[in-house]
2 protein chains.
Amino acid sequence: MKVLLASRNAKKLAELRRILAPEVPGAEVLGLDDVERYDEVPESGATFADNALLKAREGFAHSGLLTVADDSGLTVAALNGMPGVLSARWSGRHGDDDANLRLVLAQLSDTPDDRLGAAFVCAAALVGADGEIVVEASMRGRLVREPRGHNGFGYDPIFVADGFELTNGELDPAKKDAISHRGKAMRALARHLAENEGAL
Amino acid sequence: MKVLLASRNAKKLAELRRILAPEVPGAEVLGLDDVERYDEVPESGATFADNALLKAREGFAHSGLLTVADDSGLTVAALNGMPGVLSARWSGRHGDDDANLRLVLAQLSDTPDDRLGAAFVCAAALVGADGEIVVEASMRGRLVREPRGHNGFGYDPIFVADGFELTNGELDPAKKDAISHRGKAMRALARHLAENEGAL
């Protein structure tokens with residue numbers, strides 16, 4: 001079975017492969033760079049699920065392959081749930097993780113510590129010839145005022161999950177996957193995939 | 001009657017004086033620079049009303065004068081109501097109007113035109129020896145993708161009020177005051193002040 005992961009983000013692809021591989025043995029997991037290039041539409045959806053479905057439908061339409069896409073982000077209570085779907089471009093510079101997390105910290109500089117609650121959310125979509133499914137999962141925690149650690153990507157260095165002291169950027173990747181929004185959502189998709197192989 | 005406007009923002013002070021003067025004839029309107037200097041606490045409230053009250057209470061506590069303060073901001077639907085209370089420091093640089101509005105435009109660059117709805121909100125608080133009152137008012141409209149006009153301040157150049165084609169930055173100041181969030185809230189406070197002179 002071939003599965004397309006509709007992403008060009010190398011760090012996200014590595015994380016998704018790492019999560020999917022043990023769940024769907026024998027699946028060949030391709031990235032967007034492994035299929036014929038197409039123009040991706042902007043992620044203009046109002047929700048994570050909208051964007052994940054948009055990307056998975058687009059990947060399937062162009063490649064004909066069973067396609068998985070995720071849209072993930074950080075929701076900060078004191079920012080009314082933003083950066084949300086704009087997490088990757090919060091600073092206006094798409095994919096500039098450092099600028100994005102620095103901006104969030106600057107915006108919250110006068111916000112008291114007890115209002116730094118946040119959550120990571122992931123919507124993971126699977127689209128194939130026979131239908132589509134989208135799963136949403138979250139990881140709750142709080143922000144810290146200084147980035148710590150170099151694992152992961154995005155806002156990982158400023159996020160501490162409930163029950164932990166280390167930031168996601170300091171956590172061992174396998175430990176992060178076990179509790180992360182993306183781990184939970186992707187494992188649910190993978191189980192669906194394994195149970196419905198070829199018959200999504 | 002002396003009234004203290006608890007603000008150091010010259011453009012906001014000019015606007016508040018312009019609105020209040022005709023409503024409370026004979027009142028002497030002072031700014032923070034006209035009273036003994038005190039250290040202002042950060043605007044850490046979660047709502048406009050929290051921050052307006054915080055600033056008005058602080059002004060009254062330090063000056064003994066009847067004190068008016070406002071907290072205002074832009075709420076953008078596609079940003080879940082943010083920048084909100086963080087409007088003046090959205091870019092992380094407090095009071096940098098251009099950086100703040102450029103950041104909002106960059107964040108919304110992939111958001112479709114029909115999701116650019118926004119509103120200005122003002123909470124205006126009055127605190128004196130005999131009590132306190134806070135009024136909240138809004139002005140609904142939508143954002144435009146390029147700043148236009150040099151009147152006003154803050155996000156005025158990218159905001160078009162419902163029923164108008166000109167941005168707030170292009171509107172004649174008197175016309176803006178007639179419909180603005182700040183105009184509506186401050187006139188309500190001024191009427192209260194005029195009716196309860198000396199007996200707030």
# chains A, B, ... in the order shown; residues from 1 in each chain; ligands from 1

call {"tool": "interface_residues", "arguments": {"of": "chain B", "to": "chain A", "cutoff": "8 Å", "atoms": "only C-alpha atoms", "output": "mmCIF file with N, CA and C atoms, in the first residue's frame"}}
result
data_model
loop_
_atom_site.group_PDB
_atom_site.id
_atom_site.type_symbol
_atom_site.label_atom_id
_atom_site.label_comp_id
_atom_site.auth_asym_id
_atom_site.auth_seq_id
_atom_site.Cartn_x
_atom_site.Cartn_y
_atom_site.Cartn_z
ATOM 1 N N PRO B 42 1.323 47.546 34.151
ATOM 2 C CA PRO B 42 1.034 47.061 32.790
ATOM 3 C C PRO B 42 -0.463 46.793 32.623
ATOM 4 N N GLU B 43 -0.933 46.934 31.382
ATOM 5 C CA GLU B 43 -2.344 46.653 31.096
ATOM 6 C C GLU B 43 -2.502 45.152 30.928
ATOM 7 N N SER B 44 -2.605 44.470 32.067
ATOM 8 C CA SER B 44 -2.582 43.011 32.048
ATOM 9 C C SER B 44 -3.971 42.392 32.089
ATOM 10 N N GLY B 45 -5.019 43.203 32.034
ATOM 11 C CA GLY B 45 -6.377 42.676 32.116
ATOM 12 C C GLY B 45 -6.733 41.811 30.921
ATOM 13 N N ALA B 46 -7.728 40.945 31.137
ATOM 14 C CA ALA B 46 -8.160 40.056 30.064
ATOM 15 C C ALA B 46 -9.229 40.703 29.186
ATOM 16 N N ALA B 78 -11.538 36.735 12.068
ATOM 17 C CA ALA B 78 -10.662 35.650 11.622
ATOM 18 C C ALA B 78 -9.481 35.428 12.568
ATOM 19 N N LEU B 79 -9.287 36.346 13.516
ATOM 20 C CA LEU B 79 -8.269 36.173 14.561
ATOM 21 C C LEU B 79 -8.947 35.882 15.911
ATOM 22 N N ASN B 80 -10.158 35.323 15.848
ATOM 23 C CA ASN B 80 -10.903 34.997 17.088
ATOM 24 C C ASN B 80 -11.053 36.198 18.014
ATOM 25 N N GLY B 81 -11.194 37.378 17.451
ATOM 26 C CA GLY B 81 -11.392 38.567 18.284
ATOM 27 C C GLY B 81 -10.112 39.279 18.683
ATOM 28 N N MET B 82 -8.970 38.708 18.364
ATOM 29 C CA MET B 82 -7.702 39.405 18.608
ATOM 30 C C MET B 82 -7.466 40.369 17.442
ATOM 31 N N PRO B 83 -6.565 41.362 17.563
ATOM 32 C CA PRO B 83 -5.620 41.656 18.647
ATOM 33 C C PRO B 83 -6.276 42.050 19.976
ATOM 34 N N LEU B 86 -4.621 43.312 23.221
ATOM 35 C CA LEU B 86 -3.202 43.425 22.847
ATOM 36 C C LEU B 86 -3.002 44.311 21.617
ATOM 37 N N ARG B 89 0.118 46.432 21.169
ATOM 38 C CA ARG B 89 1.445 45.757 21.243
ATOM 39 C C ARG B 89 1.423 44.451 20.471
ATOM 40 N N TRP B 90 0.595 44.402 19.430
ATOM 41 C CA TRP B 90 0.388 43.151 18.689
ATOM 42 C C TRP B 90 1.676 42.639 18.062
ATOM 43 N N SER B 91 2.489 43.551 17.567
ATOM 44 C CA SER B 91 3.745 43.169 16.916
ATOM 45 C C SER B 91 4.853 42.927 17.940
ATOM 46 N N GLY B 92 4.529 43.119 19.225
ATOM 47 C CA GLY B 92 5.558 43.016 20.256
ATOM 48 C C GLY B 92 6.238 44.348 20.523
ATOM 49 N N LEU B 103 1.375 43.648 10.625
ATOM 50 C CA LEU B 103 1.341 42.263 11.089
ATOM 51 C C LEU B 103 -0.061 41.668 10.906
ATOM 52 N N ALA B 106 -0.480 40.850 7.307
ATOM 53 C CA ALA B 106 0.311 39.675 6.920
ATOM 54 C C ALA B 106 -0.345 38.397 7.436
ATOM 55 N N GLN B 107 -0.856 38.448 8.668
ATOM 56 C CA GLN B 107 -1.500 37.251 9.233
ATOM 57 C C GLN B 107 -2.735 36.856 8.433
ATOM 58 N N ASP B 110 -3.813 35.076 3.601
ATOM 59 C CA ASP B 110 -4.502 33.955 2.937
ATOM 60 C C ASP B 110 -5.985 33.867 3.310
ATOM 61 N N THR B 111 -6.456 34.775 4.116
ATOM 62 C CA THR B 111 -7.864 34.746 4.548
ATOM 63 C C THR B 111 -8.733 35.397 3.466
ATOM 64 N N PRO B 112 -9.796 34.703 3.035
ATOM 65 C CA PRO B 112 -10.629 35.274 1.967
ATOM 66 C C PRO B 112 -11.265 36.613 2.373
#

call {"tool": "residues_around", "arguments": {"residues": "Ser7 of chain A", "least_positions_apart": "3", "cutoff": "9 Å", "atoms": "only C-alpha atoms", "output": "list in words"}}
result
Leu4, Ala10, Lys12, Leu13, Gly31, Leu32, Asp33, Lys55, Val68, Ala69 and Asp70 of chain A

call {"tool": "residues_around", "arguments": {"residues": "segment 137-143 of chain B", "least_positions_apart": "4", "cutoff": "6 Å", "atoms": "only C-alpha atoms", "output": "list in words"}}
result
Leu116, Gly117, Ala118, Ala119, Phe120, Val121, Cys122, Ile158, Phe159, Val160, Ala161, Asp162, Ser180, His181 and Ala185 of chain B

call {"tool": "write_last_selection", "arguments": {"atoms": "N, CA, C and O atoms", "output": "mmCIF file, in the first residue's frame"}}
result
data_model
loop_
_atom_site.group_PDB
_atom_site.id
_atom_site.type_symbol
_atom_site.label_atom_id
_atom_site.label_comp_id
_atom_site.auth_asym_id
_atom_site.auth_seq_id
_atom_site.Cartn_x
_atom_site.Cartn_y
_atom_site.Cartn_z
ATOM 1 N N LEU B 116 -13.061 39.095 6.419
ATOM 2 C CA LEU B 116 -12.267 40.190 6.973
ATOM 3 C C LEU B 116 -13.096 41.091 7.893
ATOM 4 O O LEU B 116 -12.727 42.233 8.166
ATOM 5 N N GLY B 117 -14.213 40.574 8.402
ATOM 6 C CA GLY B 117 -15.032 41.350 9.338
ATOM 7 C C GLY B 117 -14.260 41.685 10.605
ATOM 8 O O GLY B 117 -13.452 40.886 11.091
ATOM 9 N N ALA B 118 -14.497 42.890 11.128
ATOM 10 C CA ALA B 118 -13.763 43.356 12.308
ATOM 11 C C ALA B 118 -14.609 44.397 13.036
ATOM 12 O O ALA B 118 -15.608 44.877 12.498
ATOM 13 N N ALA B 119 -14.232 44.708 14.234
ATOM 14 C CA ALA B 119 -14.907 45.779 14.968
ATOM 15 C C ALA B 119 -13.897 46.463 15.871
ATOM 16 O O ALA B 119 -12.952 45.834 16.355
ATOM 17 N N PHE B 120 -14.081 47.763 16.028
ATOM 18 C CA PHE B 120 -13.353 48.482 17.066
ATOM 19 C C PHE B 120 -14.207 48.468 18.333
ATOM 20 O O PHE B 120 -15.426 48.642 18.262
ATOM 21 N N VAL B 121 -13.557 48.255 19.463
ATOM 22 C CA VAL B 121 -14.266 48.255 20.741
ATOM 23 C C VAL B 121 -13.565 49.227 21.676
ATOM 24 O O VAL B 121 -12.325 49.302 21.690
ATOM 25 N N CYS B 122 -14.346 49.973 22.439
ATOM 26 C CA CYS B 122 -13.792 50.873 23.455
ATOM 27 C C CYS B 122 -14.503 50.647 24.769
ATOM 28 O O CYS B 122 -15.736 50.643 24.815
ATOM 29 N N ILE B 158 -6.675 50.823 8.152
ATOM 30 C CA ILE B 158 -7.079 49.562 7.491
ATOM 31 C C ILE B 158 -8.505 49.161 7.845
ATOM 32 O O ILE B 158 -8.931 48.043 7.559
ATOM 33 N N PHE B 159 -9.261 50.081 8.443
ATOM 34 C CA PHE B 159 -10.630 49.750 8.890
ATOM 35 C C PHE B 159 -11.657 50.608 8.172
ATOM 36 O O PHE B 159 -11.545 51.832 8.148
ATOM 37 N N VAL B 160 -12.676 49.962 7.587
ATOM 38 C CA VAL B 160 -13.790 50.665 6.952
ATOM 39 C C VAL B 160 -15.060 50.316 7.727
ATOM 40 O O VAL B 160 -15.433 49.143 7.829
ATOM 41 N N ALA B 161 -15.703 51.329 8.270
ATOM 42 C CA ALA B 161 -16.918 51.106 9.065
ATOM 43 C C ALA B 161 -18.078 50.706 8.164
ATOM 44 O O ALA B 161 -18.133 51.097 6.990
ATOM 45 N N ASP B 162 -19.002 49.932 8.716
ATOM 46 C CA ASP B 162 -20.213 49.554 7.966
ATOM 47 C C ASP B 162 -20.905 50.806 7.425
ATOM 48 O O ASP B 162 -21.086 51.790 8.158
ATOM 49 N N SER B 180 -17.734 56.517 16.018
ATOM 50 C CA SER B 180 -16.692 55.612 16.526
ATOM 51 C C SER B 180 -17.033 55.008 17.883
ATOM 52 O O SER B 180 -17.811 55.556 18.662
ATOM 53 N N HIS B 181 -16.441 53.857 18.139
ATOM 54 C CA HIS B 181 -16.486 53.187 19.434
ATOM 55 C C HIS B 181 -16.115 54.151 20.556
ATOM 56 O O HIS B 181 -16.781 54.228 21.577
ATOM 57 N N ALA B 185 -18.658 55.657 23.442
ATOM 58 C CA ALA B 185 -18.416 55.344 24.863
ATOM 59 C C ALA B 185 -18.126 56.617 25.659
ATOM 60 O O ALA B 185 -18.653 56.807 26.766
#

call {"tool": "select_by_dssp", "arguments": {"residues": "segment 23-165 of chain B", "states": "strand (DSSP E or B)", "output": "PyMOL selection string"}}
result
chain B and resi 28-31+66-76+83+117-128+131-143+159-161

call {"tool": "select_by_dssp", "arguments": {"residues": "segment 105-183 of chain A", "states": "alpha helix (DSSP H)", "output": "PyMOL selection string"}}
result
chain A and resi 105-107+173-179+181-183

call {"tool": "write_last_selection", "arguments": {"atoms": "N, CA and C atoms", "output": "compact mmCIF listing (two decimals), in the first residue's frame"}}
result
# COMPACT_ATOMS: atom_id res chain seq x y z
N LEU A 105 5.58 35.13 22.42
CA LEU A 105 6.13 35.51 23.73
C LEU A 105 6.05 37.02 23.94
N ALA A 106 6.35 37.79 22.88
CA ALA A 106 6.28 39.25 23.01
C ALA A 106 4.85 39.70 23.26
N GLN A 107 3.89 39.08 22.56
CA GLN A 107 2.49 39.47 22.74
C GLN A 107 2.01 39.19 24.15
N PRO A 173 11.84 12.51 21.39
CA PRO A 173 10.78 12.45 20.37
C PRO A 173 9.78 11.34 20.58
N ALA A 174 10.24 10.15 20.98
CA ALA A 174 9.29 9.04 21.17
C ALA A 174 8.33 9.35 22.31
N LYS A 175 8.84 10.01 23.36
CA LYS A 175 7.98 10.38 24.49
C LYS A 175 6.97 11.44 24.04
N LYS A 176 7.43 12.39 23.22
CA LYS A 176 6.51 13.41 22.73
C LYS A 176 5.42 12.75 21.88
N ASP A 177 5.82 11.87 20.96
CA ASP A 177 4.81 11.22 20.09
C ASP A 177 3.74 10.51 20.90
N ALA A 178 4.15 9.92 22.03
CA ALA A 178 3.21 9.13 22.83
C ALA A 178 2.07 9.99 23.38
N ILE A 179 2.36 11.29 23.61
CA ILE A 179 1.34 12.15 24.23
C ILE A 179 0.86 13.27 23.31
N HIS A 181 -0.60 15.74 20.32
CA HIS A 181 -1.77 15.93 19.48
C HIS A 181 -1.60 15.18 18.16
N ARG A 182 -0.40 15.32 17.55
CA ARG A 182 -0.18 14.71 16.24
C ARG A 182 -0.08 13.18 16.37
N GLY A 183 0.59 12.74 17.45
CA GLY A 183 0.68 11.30 17.69
C GLY A 183 -0.70 10.67 17.86

call {"tool": "closest_residue", "arguments": {"among": "A:Gly149, A:Gly169, A:Gly163, A:Gly154", "to": "Gly73 of chain A", "atoms": "only C-alpha atoms"}}
result
A:Gly154

call {"tool": "atom_distance", "arguments": {"atom1": "atom CA of Asp97 of chain A", "atom2": "atom CA of Leu74 of chain B"}}
result
25.7 Å

call {"tool": "residues_around", "arguments": {"residues": "Asn151 of chain A", "least_positions_apart": "2", "cutoff": "9 Å", "atoms": "only C-alpha atoms", "output": "MDAnalysis selection string"}}
result
chainID A and resid 149 153 156:157 168:173

call {"tool": "closest_residue", "arguments": {"among": "A:Val127, A:Val135, A:Val144, A:Ile19", "to": "Leu66 of chain A", "atoms": "only C-alpha atoms"}}
result
A:Val127

call {"tool": "decode", "arguments": {"residues": "segment 28-90 of chain B", "atoms": "C-alpha atoms", "output": "short mmCIF file (atom, residue, chain, number, x, y, z; two decimals), in the first residue's frame"}}
result
data_model
loop_
_atom_site.label_atom_id
_atom_site.label_comp_id
_atom_site.auth_asym_id
_atom_site.auth_seq_id
_atom_site.Cartn_x
_atom_site.Cartn_y
_atom_site.Cartn_z
CA GLU B 28 -10.62 71.35 32.66
CA VAL B 29 -9.27 68.21 31.00
CA LEU B 30 -5.77 67.20 32.10
CA GLY B 31 -3.47 64.51 30.71
CA LEU B 32 -1.03 62.32 32.65
CA ASP B 33 1.76 64.73 31.83
CA ASP B 34 -0.11 67.46 33.76
CA VAL B 35 -0.06 65.59 37.10
CA GLU B 36 2.72 64.23 39.29
CA ARG B 37 4.37 61.30 37.57
CA TYR B 38 3.60 57.78 38.81
CA ASP B 39 4.63 54.33 37.63
CA GLU B 40 1.82 52.88 35.57
CA VAL B 41 1.12 49.18 35.97
CA PRO B 42 1.03 47.06 32.79
CA GLU B 43 -2.34 46.65 31.10
CA SER B 44 -2.58 43.01 32.05
CA GLY B 45 -6.38 42.68 32.12
CA ALA B 46 -8.16 40.06 30.06
CA THR B 47 -10.83 42.51 28.87
CA PHE B 48 -11.06 46.10 27.69
CA ALA B 49 -13.20 46.93 30.74
CA ASP B 50 -10.62 45.42 33.13
CA ASN B 51 -7.88 47.56 31.65
CA ALA B 52 -9.92 50.76 31.50
CA LEU B 53 -10.90 50.40 35.16
CA LEU B 54 -7.34 49.52 36.13
CA LYS B 55 -6.01 52.71 34.52
CA ALA B 56 -8.80 54.94 35.84
CA ARG B 57 -8.48 53.61 39.40
CA GLU B 58 -4.74 54.10 39.27
CA GLY B 59 -5.11 57.68 38.00
CA PHE B 60 -7.61 58.52 40.72
CA ALA B 61 -5.51 56.89 43.45
CA HIS B 62 -2.46 58.93 42.49
CA SER B 63 -4.04 62.27 41.59
CA GLY B 64 -7.21 62.44 43.66
CA LEU B 65 -8.89 63.77 40.51
CA LEU B 66 -11.96 62.38 38.80
CA THR B 67 -10.26 60.16 36.24
CA VAL B 68 -11.32 58.90 32.83
CA ALA B 69 -9.45 56.08 31.07
CA ASP B 70 -10.20 54.09 28.00
CA ASP B 71 -8.97 50.81 26.67
CA SER B 72 -9.71 50.23 23.04
CA GLY B 73 -8.77 47.83 20.35
CA LEU B 74 -9.51 46.06 17.15
CA THR B 75 -11.27 42.70 17.22
CA VAL B 76 -10.90 40.66 14.04
CA ALA B 77 -13.26 37.73 13.50
CA ALA B 78 -10.66 35.65 11.62
CA LEU B 79 -8.27 36.17 14.56
CA ASN B 80 -10.90 35.00 17.09
CA GLY B 81 -11.39 38.57 18.28
CA MET B 82 -7.70 39.41 18.61
CA PRO B 83 -5.62 41.66 18.65
CA GLY B 84 -8.22 42.76 21.24
CA VAL B 85 -6.61 43.92 24.48
CA LEU B 86 -3.20 43.42 22.85
CA SER B 87 -3.95 45.82 19.96
CA ALA B 88 -1.31 48.39 20.93
CA ARG B 89 1.45 45.76 21.24
CA TRP B 90 0.39 43.15 18.69
#
